[in-house]
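Engineer: Next comes the structure file start01.pdb, holding PDB, C-alpha atoms and all ligand atoms.
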ATOM      1  CA  MET F 205       0.000   0.000   0.000
ATOM      2  CA  SER F 206       1.294   3.448  -0.909
ATOM      3  CA  TYR F 207       1.779   5.886   1.945
ATOM      4  CA  ALA F 208       2.518   9.593   1.728
ATOM      5  CA  LEU F 209       3.881  11.257   4.852
ATOM      6  CA  ILE F 210       2.940  14.935   5.111
ATOM      7  CA  THR F 211       4.297  17.292   7.758
ATOM      8  CA  GLY F 212       2.273  20.274   8.948
ATOM      9  CA  ALA F 213      -0.867  18.509   7.797
ATOM     10  CA  SER F 214      -3.372  19.711  10.401
ATOM     11  CA  GLN F 215      -4.321  22.891   8.496
ATOM     12  CA  GLY F 216      -3.423  25.196   5.603
ATOM     13  CA  ILE F 217      -1.479  23.929   2.615
ATOM     14  CA  GLY F 218      -0.542  20.672   4.374
ATOM     15  CA  LYS F 219      -4.181  19.745   4.962
ATOM     16  CA  GLU F 220      -5.010  20.490   1.315
ATOM     17  CA  LEU F 221      -2.053  18.397   0.177
ATOM     18  CA  ALA F 222      -3.346  15.551   2.337
ATOM     19  CA  LYS F 223      -6.721  15.749   0.603
ATOM     20  CA  VAL F 224      -5.166  15.768  -2.876
ATOM     21  CA  PHE F 225      -2.955  12.774  -2.111
ATOM     22  CA  ALA F 226      -5.902  10.900  -0.588
ATOM     23  CA  SER F 227      -8.087  11.661  -3.607
ATOM     24  CA  ASN F 228      -5.373  10.024  -5.697
ATOM     25  CA  GLY F 229      -5.382   6.838  -3.635
ATOM     26  CA  TYR F 230      -2.541   7.480  -1.203
ATOM     27  CA  ASN F 231      -2.810   6.321   2.381
ATOM     28  CA  LEU F 232      -1.461   8.985   4.687
ATOM     29  CA  VAL F 233       0.738   9.609   7.667
ATOM     30  CA  LEU F 234      -0.061  13.099   8.935
ATOM     31  CA  VAL F 235       2.332  14.938  11.249
ATOM     32  CA  ALA F 236       1.687  18.067  13.355
ATOM     33  CA  ARG F 237       1.441  19.019  17.042
ATOM     34  CA  ASN F 238      -2.291  19.507  17.576
ATOM     35  CA  GLU F 239      -3.827  16.077  18.132
ATOM     36  CA  GLU F 240      -7.429  17.263  17.926
ATOM     37  CA  ASN F 241      -6.931  19.063  14.608
ATOM     38  CA  LEU F 242      -5.024  16.131  13.140
ATOM     39  CA  HIS F 243      -7.791  13.772  14.178
ATOM     40  CA  LYS F 244     -10.393  16.025  12.505
ATOM     41  CA  VAL F 245      -8.411  15.922   9.266
ATOM     42  CA  LYS F 246      -8.121  12.126   9.541
ATOM     43  CA  VAL F 247     -11.903  11.736   9.975
ATOM     44  CA  GLU F 248     -12.674  14.180   7.152
ATOM     45  CA  ILE F 249     -10.359  12.342   4.753
ATOM     46  CA  GLU F 250     -11.358   8.797   5.722
ATOM     47  CA  ASP F 251     -15.032   9.776   5.302
ATOM     48  CA  ALA F 252     -14.394  11.116   1.819
ATOM     49  CA  TYR F 253     -11.840   8.675   0.394
ATOM     50  CA  ALA F 254     -11.143   4.947   0.678
ATOM     51  CA  VAL F 255      -7.723   5.386   2.264
ATOM     52  CA  SER F 256      -6.254   4.870   5.701
ATOM     53  CA  VAL F 257      -4.834   7.786   7.671
ATOM     54  CA  CYS F 258      -2.369   7.573  10.599
ATOM     55  CA  CYS F 259      -1.711  10.589  12.798
ATOM     56  CA  VAL F 260       1.658  11.223  14.415
ATOM     57  CA  CYS F 261       1.604  14.097  16.915
ATOM     58  CA  LYS F 262       5.049  15.602  17.164
ATOM     59  CA  ASP F 263       6.668  18.946  17.714
ATOM     60  CA  LEU F 264       9.200  18.907  14.898
ATOM     61  CA  THR F 265      11.314  21.605  16.526
ATOM     62  CA  MET F 266      12.396  18.972  19.057
ATOM     63  CA  LYS F 267      15.768  17.338  18.480
ATOM     64  CA  ASP F 268      14.599  13.711  18.204
ATOM     65  CA  ALA F 269      11.186  14.367  16.644
ATOM     66  CA  ALA F 270      12.086  13.390  13.059
ATOM     67  CA  MET F 271      13.705  10.180  14.303
ATOM     68  CA  ASP F 272      10.576   9.432  16.369
ATOM     69  CA  VAL F 273       8.384   9.933  13.281
ATOM     70  CA  TYR F 274      10.586   7.542  11.290
ATOM     71  CA  ASN F 275      10.566   4.944  14.079
ATOM     72  CA  ASP F 276       6.765   5.222  14.435
ATOM     73  CA  CYS F 277       6.392   4.471  10.719
ATOM     74  CA  LYS F 278       8.741   1.473  11.028
ATOM     75  CA  GLN F 279       6.800   0.201  14.037
ATOM     76  CA  MET F 280       3.528   0.476  12.138
ATOM     77  CA  ASN F 281       5.238  -1.326   9.246
ATOM     78  CA  LEU F 282       4.471   1.495   6.813
ATOM     79  CA  THR F 283       6.522   2.061   3.699
ATOM     80  CA  ILE F 284       6.670   5.735   2.847
ATOM     81  CA  ASP F 285       6.665   6.119  -0.942
ATOM     82  CA  CYS F 286       6.187   9.824  -0.830
ATOM     83  CA  LEU F 287       7.602  12.330   1.657
ATOM     84  CA  VAL F 288       6.031  15.787   1.728
ATOM     85  CA  ASN F 289       8.092  18.225   3.772
ATOM     86  CA  ASN F 290       5.504  20.957   4.136
ATOM     87  CA  VAL F 291       5.895  22.217   7.699
ATOM     88  CA  GLY F 292       7.225  25.751   8.004
ATOM     89  CA  ILE F 293       6.789  28.953   9.952
ATOM     90  CA  GLY F 294       7.730  32.593   9.436
ATOM     91  CA  ASP F 295       8.516  35.560  11.642
ATOM     92  CA  PHE F 296       7.865  39.142  10.626
ATOM     93  CA  GLY F 297      10.041  41.975  11.911
ATOM     94  CA  GLU F 298      13.602  43.212  12.168
ATOM     95  CA  TYR F 299      16.093  40.494  12.999
ATOM     96  CA  ALA F 300      17.743  42.520  15.767
ATOM     97  CA  CYS F 301      14.432  42.786  17.645
ATOM     98  CA  SER F 302      13.266  39.255  16.993
ATOM     99  CA  SER F 303      12.816  36.437  19.473
ATOM    100  CA  TRP F 304      15.812  34.112  19.315
ATOM    101  CA  ASP F 305      13.609  31.131  20.186
ATOM    102  CA  ARG F 306      11.323  31.861  17.231
ATOM    103  CA  GLN F 307      14.291  32.183  14.833
ATOM    104  CA  TYR F 308      15.734  28.938  16.161
ATOM    105  CA  ASP F 309      12.419  27.093  15.820
ATOM    106  CA  MET F 310      12.068  28.431  12.276
ATOM    107  CA  VAL F 311      15.409  26.958  11.264
ATOM    108  CA  GLN F 312      14.572  23.690  13.049
ATOM    109  CA  LEU F 313      11.248  23.395  11.199
ATOM    110  CA  ASN F 314      11.964  24.912   7.801
ATOM    111  CA  ILE F 315      15.429  23.418   7.386
ATOM    112  CA  VAL F 316      16.504  20.812   9.964
ATOM    113  CA  SER F 317      13.312  18.722  10.113
ATOM    114  CA  LEU F 318      13.151  18.684   6.288
ATOM    115  CA  MET F 319      16.803  17.617   6.073
ATOM    116  CA  GLN F 320      16.467  14.958   8.763
ATOM    117  CA  LEU F 321      13.240  13.388   7.522
ATOM    118  CA  THR F 322      14.762  13.245   4.041
ATOM    119  CA  HIS F 323      17.941  11.704   5.453
ATOM    120  CA  LEU F 324      15.920   9.054   7.285
ATOM    121  CA  PHE F 325      13.459   8.067   4.550
ATOM    122  CA  LEU F 326      15.751   8.347   1.516
ATOM    123  CA  PRO F 327      17.768   5.131   2.100
ATOM    124  CA  ASP F 328      14.525   3.093   2.090
ATOM    125  CA  MET F 329      13.438   4.785  -1.142
ATOM    126  CA  ILE F 330      16.840   4.040  -2.682
ATOM    127  CA  GLN F 331      16.525   0.421  -1.635
ATOM    128  CA  ASN F 332      13.076   0.241  -3.258
ATOM    129  CA  ASN F 333      14.399   2.029  -6.341
ATOM    130  CA  SER F 334      11.394   4.342  -6.193
ATOM    131  CA  GLY F 335      10.129   7.315  -4.228
ATOM    132  CA  LYS F 336       8.880  10.859  -4.366
ATOM    133  CA  ILE F 337       9.815  13.888  -2.287
ATOM    134  CA  LEU F 338       7.864  17.146  -2.380
ATOM    135  CA  ASN F 339       9.544  19.976  -0.492
ATOM    136  CA  VAL F 340       7.493  23.097   0.172
ATOM    137  CA  SER F 341       9.544  26.232  -0.346
ATOM    138  CA  SER F 342       8.080  29.629  -1.315
ATOM    139  CA  THR F 343       8.507  32.353  -3.920
ATOM    140  CA  ALA F 344      10.357  33.993  -1.011
ATOM    141  CA  TRP F 345      13.377  31.879  -1.970
ATOM    142  CA  LEU F 346      13.909  34.106  -5.017
ATOM    143  CA  CYS F 347      15.074  37.221  -3.128
ATOM    144  CA  SER F 348      16.625  38.343   0.105
ATOM    145  CA  GLY F 349      13.819  39.298   2.462
ATOM    146  CA  PRO F 350      14.303  42.296   4.735
ATOM    147  CA  LYS F 351      11.929  42.033   7.749
ATOM    148  CA  MET F 352      11.701  38.271   7.204
ATOM    149  CA  SER F 353      15.377  37.597   6.628
ATOM    150  CA  VAL F 354      15.648  34.121   8.137
ATOM    151  CA  TYR F 355      12.399  32.934   6.543
ATOM    152  CA  TYR F 356      13.429  33.983   3.013
ATOM    153  CA  ALA F 357      16.900  32.516   3.530
ATOM    154  CA  SER F 358      15.440  29.257   4.875
ATOM    155  CA  LYS F 359      13.388  28.876   1.699
ATOM    156  CA  ALA F 360      16.485  29.533  -0.442
ATOM    157  CA  PHE F 361      18.067  26.638   1.455
ATOM    158  CA  VAL F 362      15.056  24.395   0.784
ATOM    159  CA  THR F 363      15.093  25.120  -2.952
ATOM    160  CA  ARG F 364      18.859  24.782  -3.433
ATOM    161  CA  PHE F 365      19.050  21.638  -1.292
ATOM    162  CA  SER F 366      16.139  20.058  -3.160
ATOM    163  CA  SER F 367      17.627  20.850  -6.595
ATOM    164  CA  ALA F 368      20.928  19.262  -5.603
ATOM    165  CA  LEU F 369      19.237  16.210  -4.115
ATOM    166  CA  ARG F 370      17.116  15.808  -7.244
ATOM    167  CA  GLU F 371      20.246  15.245  -9.345
ATOM    168  CA  GLU F 372      21.800  12.881  -6.782
ATOM    169  CA  VAL F 373      18.794  10.568  -6.560
ATOM    170  CA  LYS F 374      17.788  10.510 -10.252
ATOM    171  CA  PRO F 375      19.597   7.200 -10.877
ATOM    172  CA  HIS F 376      17.455   5.640  -8.115
ATOM    173  CA  ASN F 377      14.174   6.564  -9.795
ATOM    174  CA  ILE F 378      13.340   9.073  -7.050
ATOM    175  CA  HIS F 379      11.615  12.339  -7.932
ATOM    176  CA  VAL F 380      12.330  15.506  -5.964
ATOM    177  CA  THR F 381      10.080  18.501  -6.613
ATOM    178  CA  THR F 382      10.128  21.913  -4.952
ATOM    179  CA  LEU F 383       6.814  23.695  -4.552
ATOM    180  CA  CYS F 384       7.070  27.490  -4.419
ATOM    181  CA  PRO F 385       3.717  29.015  -3.462
ATOM    182  CA  PRO F 386       3.110  32.754  -3.482
ATOM    183  CA  SER F 387       1.204  34.332  -0.563
ATOM    184  CA  VAL F 388      -1.723  32.115   0.392
ATOM    185  CA  LYS F 389      -4.327  32.849   3.067
ATOM    186  CA  THR F 390      -3.702  30.405   5.933
ATOM    187  CA  GLN F 391      -2.791  30.672   9.617
ATOM    188  CA  PHE F 392       0.777  31.318   8.445
ATOM    189  CA  GLN F 393       0.429  35.118   8.334
ATOM    190  CA  GLN F 394      -1.020  35.321  11.833
ATOM    191  CA  SER F 395       1.523  32.976  13.360
ATOM    192  CA  ALA F 396       4.311  34.926  11.607
ATOM    193  CA  ASN F 397       2.940  38.174  13.067
ATOM    194  CA  MET F 398       2.463  39.711   9.613
ATOM    195  CA  LYS F 399       0.348  42.830   9.747
ATOM    196  CA  ARG F 400      -0.041  43.801   6.099
ATOM    197  CA  LYS F 401      -3.357  45.620   5.848
ATOM    198  CA  LYS F 402      -4.421  44.610   2.369
ATOM    199  CA  GLU F 403      -3.025  41.467   0.912
ATOM    200  CA  ASN F 404      -4.367  40.181  -2.373
ATOM    201  CA  TYR F 405      -4.269  36.425  -2.325
ATOM    202  CA  ALA F 406      -4.193  35.331  -5.944
ATOM    203  CA  ILE F 407      -4.480  31.640  -5.189
ATOM    204  CA  THR F 408      -5.923  29.327  -2.526
ATOM    205  CA  ALA F 409      -4.212  26.627  -0.460
ATOM    206  CA  LYS F 410      -6.305  24.057  -2.344
ATOM    207  CA  GLU F 411      -5.026  25.274  -5.722
ATOM    208  CA  VAL F 412      -1.443  25.310  -4.429
ATOM    209  CA  ALA F 413      -1.777  21.720  -3.218
ATOM    210  CA  LEU F 414      -3.120  20.562  -6.578
ATOM    211  CA  LYS F 415      -0.291  22.315  -8.473
ATOM    212  CA  GLY F 416       2.221  20.705  -6.132
ATOM    213  CA  TYR F 417       0.798  17.230  -6.590
ATOM    214  CA  GLN F 418       0.615  17.576 -10.372
ATOM    215  CA  GLY F 419       4.159  18.942 -10.520
ATOM    216  CA  LEU F 420       5.460  16.036  -8.462
ATOM    217  CA  LEU F 421       3.690  13.563 -10.709
ATOM    218  CA  LYS F 422       5.238  15.190 -13.781
ATOM    219  CA  ASN F 423       8.634  15.132 -12.027
ATOM    220  CA  LYS F 424       9.037  18.915 -12.309
ATOM    221  CA  ALA F 425      12.064  20.427 -10.594
ATOM    222  CA  ILE F 426      10.330  23.583  -9.357
ATOM    223  CA  VAL F 427       6.622  24.357  -9.335
ATOM    224  CA  TYR F 428       5.461  27.966  -9.410
ATOM    225  CA  CYS F 429       1.742  28.182  -8.871
ATOM    226  CA  ASN F 430       0.706  31.136 -11.030
ATOM    227  CA  MET F 431       1.855  33.454 -13.806
ATOM    228  CA  GLN F 432       2.985  36.219 -11.405
ATOM    229  CA  SER F 433       5.318  33.781  -9.652
ATOM    230  CA  LYS F 434       6.759  32.584 -12.970
ATOM    231  CA  VAL F 435       7.356  36.175 -14.101
ATOM    232  CA  LEU F 436       8.980  36.973 -10.742
ATOM    233  CA  SER F 437      11.293  33.975 -11.114
ATOM    234  CA  ILE F 438      12.501  35.395 -14.446
ATOM    235  CA  LEU F 439      12.709  39.009 -13.239
ATOM    236  CA  VAL F 440      15.006  38.165 -10.331
ATOM    237  CA  LYS F 441      17.497  36.717 -12.786
ATOM    238  CA  VAL F 442      17.978  40.102 -14.426
ATOM    239  CA  LEU F 443      17.567  42.443 -11.449
ATOM    240  CA  PRO F 444      20.449  42.926  -9.006
ATOM    241  CA  ASP F 445      19.753  41.488  -5.552
ATOM    242  CA  SER F 446      20.198  44.970  -4.034
ATOM    243  CA  VAL F 447      17.185  46.189  -6.048
ATOM    244  CA  CYS F 448      15.110  43.150  -5.113
ATOM    245  CA  SER F 449      15.937  43.675  -1.427
ATOM    246  CA  LYS F 450      14.793  47.298  -1.621
ATOM    247  CA  VAL F 451      11.518  46.242  -3.218
ATOM    248  CA  ILE F 452      10.916  43.612  -0.517
ATOM    249  CA  MET F 453      11.838  46.137   2.186
ATOM    250  CA  TYR F 454       9.214  48.490   0.716
ATOM    251  CA  ILE F 455       6.562  45.750   0.497
ATOM    252  CA  ASN F 456       7.335  44.673   4.056
ATOM    253  CA  LYS F 457       7.184  48.163   5.542
ATOM    254  CA  GLU F 458       4.812  48.251   8.490
TER
HETATM  255  N1  LIG F 501       0.749  30.675   3.564
HETATM  256  C1  LIG F 501       1.601  31.263   2.751
HETATM  257  O1  LIG F 501       1.449  32.437   2.359
HETATM  258  C2  LIG F 501       2.795  30.488   2.235
HETATM  259  C3  LIG F 501       3.447  30.966   1.096
HETATM  260  C4  LIG F 501       4.543  30.270   0.614
HETATM  261  C5  LIG F 501       4.983  29.139   1.260
HETATM  262  N2  LIG F 501       4.343  28.698   2.375
HETATM  263  C6  LIG F 501       4.879  27.506   3.052
HETATM  264  O2  LIG F 501       3.881  26.514   3.073
HETATM  265  C7  LIG F 501       4.080  25.653   4.195
HETATM  266  C8  LIG F 501       2.770  25.493   4.947
HETATM  267  O3  LIG F 501       2.344  26.771   5.388
HETATM  268  P1  LIG F 501       0.830  27.110   5.724
HETATM  269  O4  LIG F 501       0.561  28.427   5.119
HETATM  270  O5  LIG F 501      -0.046  25.981   5.393
HETATM  271  O6  LIG F 501       0.954  27.313   7.302
HETATM  272  P2  LIG F 501      -0.099  27.068   8.488
HETATM  273  O7  LIG F 501      -1.488  27.197   8.000
HETATM  274  O8  LIG F 501       0.379  27.935   9.596
HETATM  275  O9  LIG F 501       0.154  25.529   8.867
HETATM  276  C9  LIG F 501       1.344  25.119   9.468
HETATM  277  C10 LIG F 501       1.270  23.641   9.771
HETATM  278  O10 LIG F 501       2.486  23.264  10.425
HETATM  279  C11 LIG F 501       2.206  22.660  11.683
HETATM  280  N3  LIG F 501       3.258  23.025  12.623
HETATM  281  C12 LIG F 501       3.601  24.268  13.052
HETATM  282  N4  LIG F 501       4.582  24.197  13.970
HETATM  283  C13 LIG F 501       4.872  22.873  14.097
HETATM  284  C14 LIG F 501       5.791  22.153  14.900
HETATM  285  N5  LIG F 501       6.600  22.788  15.781
HETATM  286  N6  LIG F 501       5.855  20.804  14.791
HETATM  287  C15 LIG F 501       5.027  20.154  13.939
HETATM  288  N7  LIG F 501       4.129  20.782  13.161
HETATM  289  C16 LIG F 501       4.051  22.122  13.239
HETATM  290  C17 LIG F 501       0.842  23.232  12.078
HETATM  291  O11 LIG F 501       0.112  22.373  12.930
HETATM  292  P3  LIG F 501       0.214  22.396  14.535
HETATM  293  O12 LIG F 501       0.059  23.809  14.954
HETATM  294  O13 LIG F 501      -0.880  21.491  14.961
HETATM  295  O14 LIG F 501       1.554  21.829  14.889
HETATM  296  C18 LIG F 501       0.147  23.280  10.727
HETATM  297  O15 LIG F 501      -0.361  22.014  10.394
HETATM  298  C19 LIG F 501       5.200  26.298   5.021
HETATM  299  O16 LIG F 501       6.419  25.654   4.727
HETATM  300  C20 LIG F 501       5.241  27.724   4.517
HETATM  301  O17 LIG F 501       6.516  28.308   4.640
HETATM  302  C21 LIG F 501       3.247  29.343   2.890
END
Would you write out, as structure tokens, the structure that this file holds?

Structural biologist:
Amino acid sequence: MSYALITGASQGIGKELAKVFASNGYNLVLVARNEENLHKVKVEIEDAYAVSVCCVCKDLTMKDAAMDVYNDCKQMNLTIDCLVNNVGIGDFGEYACSSWDRQYDMVQLNIVSLMQLTHLFLPDMIQNNSGKILNVSSTAWLCSGPKMSVYYASKAFVTRFSSALREEVKPHNIHVTTLCPPSVKTQFQQSANMKRKKENYAITAKEVALKGYQGLLKNKAIVYCNMQSKVLSILVKVLPDSVCSKVIMYINKE
């Protein structure tokens, strides 16, 4: 039976990804902290699709959490064919005034948990000569991001790491795709303390999830979800980073 493991699956983009994978016949392992929310997602999905859903409640900022997730899957005898590293948080504001704990947790979630889960599940995929990894980055990876410096930089890490890994694992029939959503209305903005008054969300979490799934299936390297994102990805190649930073600083002014 095919299992997809999705981190940050209790709400937002992760929940929508879970629904898309389930609608395509994948059984699921869902990871997040909030047991009640995870259970609600499990019930919703099992009611709608003929798949089985396991919930693993973990705080992925914790040092051994990724290892615990891997061991739980082994104990349940589940083979993970598809790893979706979706979990991620942001933090709005000047770095000098930021909470160190929040910055640390951001790196643990956005970078370390993604690296470690990949490191743990990849050898099994190599042994099976098949597997899929979908890493959720952001269009934020394209520029330096004043007022969200660590977040933007963490997503640059995700995209660069994923592109490198993609080449390494090609001979093993493993696909690695990076999903780069633009701004999407979820709890992300509130938890990142973003106070932009008027944000135009051009796309929904559901649409992002579908684009990500389709891109993974087509073995795309990077998935941008709309035309604006694609244009931005071209623009940043011709504009100096200093100009991009100024634009982001202006957009991120409070
Ligand atoms: N929303 C956007 O505008 C946007 C744009 C581009 C990229 N992205 C990326 O998309 C991904 C998903 O974001 P989202 O917008 O869906 O965010 P969200 O709605 O805030 O959801 C975050 C998910 O991560 C889980 N989570 C948070 N902290 C955790 C922890 N310490 N351990 C385990 N799970 C944790 C949350 O569940 P619990 O609270 O239950 O743990 C929740 O399921 C992130 O990587 C984000 O960077 C978002």

Engineer: Enumerate, in order of chain and increasing residue number, the residues of chain F with an atom no farther than 6 Å from ligand LIG 501 (chain F), each with its shortest atom pair and distance in Å to one decimal, counting all atoms listed in the file, as a tab-separated table.

Structural biologist:
residue	atom	partner	partner_atom	distance
F:Gly212	CA	F:LIG501	O10	3.3
F:Ala213	CA	F:LIG501	O15	4.4
F:Ser214	CA	F:LIG501	O15	3.8
F:Gln215	CA	F:LIG501	O15	4.5
F:Gly216	CA	F:LIG501	O5	3.5
F:Ile217	CA	F:LIG501	O5	3.7
F:Gly218	CA	F:LIG501	O5	5.4
F:Ala236	CA	F:LIG501	N7	3.7
F:Arg237	CA	F:LIG501	O14	3.5
F:Asn238	CA	F:LIG501	O13	3.6
F:Lys262	CA	F:LIG501	C15	5.6
F:Asp263	CA	F:LIG501	N6	3.6
F:Leu264	CA	F:LIG501	N6	3.8
F:Thr265	CA	F:LIG501	N5	4.9
F:Asn290	CA	F:LIG501	O16	4.8
F:Val291	CA	F:LIG501	O10	4.5
F:Gly292	CA	F:LIG501	O16	3.4
F:Ile293	CA	F:LIG501	O17	5.4
F:Val340	CA	F:LIG501	O16	5.3
F:Ser341	CA	F:LIG501	C5	5.6
F:Ser342	CA	F:LIG501	C5	4.1
F:Pro385	CA	F:LIG501	C4	4.3
F:Pro386	CA	F:LIG501	C3	4.9
F:Ser387	CA	F:LIG501	O1	3.5
F:Val388	CA	F:LIG501	O1	3.7
F:Lys389	CA	F:LIG501	N1	5.5
F:Thr390	CA	F:LIG501	O7	4.4
F:Gln391	CA	F:LIG501	O7	4.0
F:Phe392	CA	F:LIG501	O8	3.6

Engineer: Please enumerate the residues selected by the PyMOL selection byres (((chain F and resi 428) around 12) and not hetatm) when evaluated against the supplied file, formatted as a PyMOL selection string.

Structural biologist: chain F and resi 340-346+363+381-387+407+411-416+418-420+424-427+429-438

Engineer: Can you turn the PyMOL selection byres (((chain F and resi 456) around 9) and not hetatm) into a concrete residue list for this file, as a VMD selection string?

Structural biologist: chain F and resid 296 to 297 349 to 352 398 400 451 to 455 457 to 458

Engineer: Which residues are close to Arg306 in chain F, i.e. within 9 Å by all atoms listed in the file, leaving aside same-chain residues fewer than 5 positions away? Reply as a PDB file with C-alpha atoms, in the coordinates of the input.

Structural biologist:
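Output below, filename around.pdb:
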ATOM      1  CA  GLY F 294       7.730  32.593   9.436  1.00  0.00           C
ATOM      2  CA  ASP F 295       8.516  35.560  11.642  1.00  0.00           C
ATOM      3  CA  VAL F 311      15.409  26.958  11.264  1.00  0.00           C
TER       4      VAL F 311
END

Engineer: Which residues of range 292-323 of chain F come within 12 Å of range 277-288 of chain F, and for each one, what is the closest pair of atoms and their distance in Å to one decimal, counting only C-alpha atoms, sorted by chain and residue number, as a tab-separated table?

Structural biologist:
residue	atom	partner	partner_atom	distance
F:Gly292	CA	F:Val288	CA	11.8
F:Ser317	CA	F:Val288	CA	11.5
F:Leu318	CA	F:Val288	CA	8.9
F:Met319	CA	F:Leu287	CA	11.5
F:Gln320	CA	F:Leu287	CA	11.7
F:Leu321	CA	F:Leu287	CA	8.2
F:Thr322	CA	F:Leu287	CA	7.6
F:His323	CA	F:Leu287	CA	11.0

Engineer: Rounded to one decimal place, report the CA of Asn241 in chain F-CA of Lys267 in chain F distance in Å.

Structural biologist: 23.1 Å
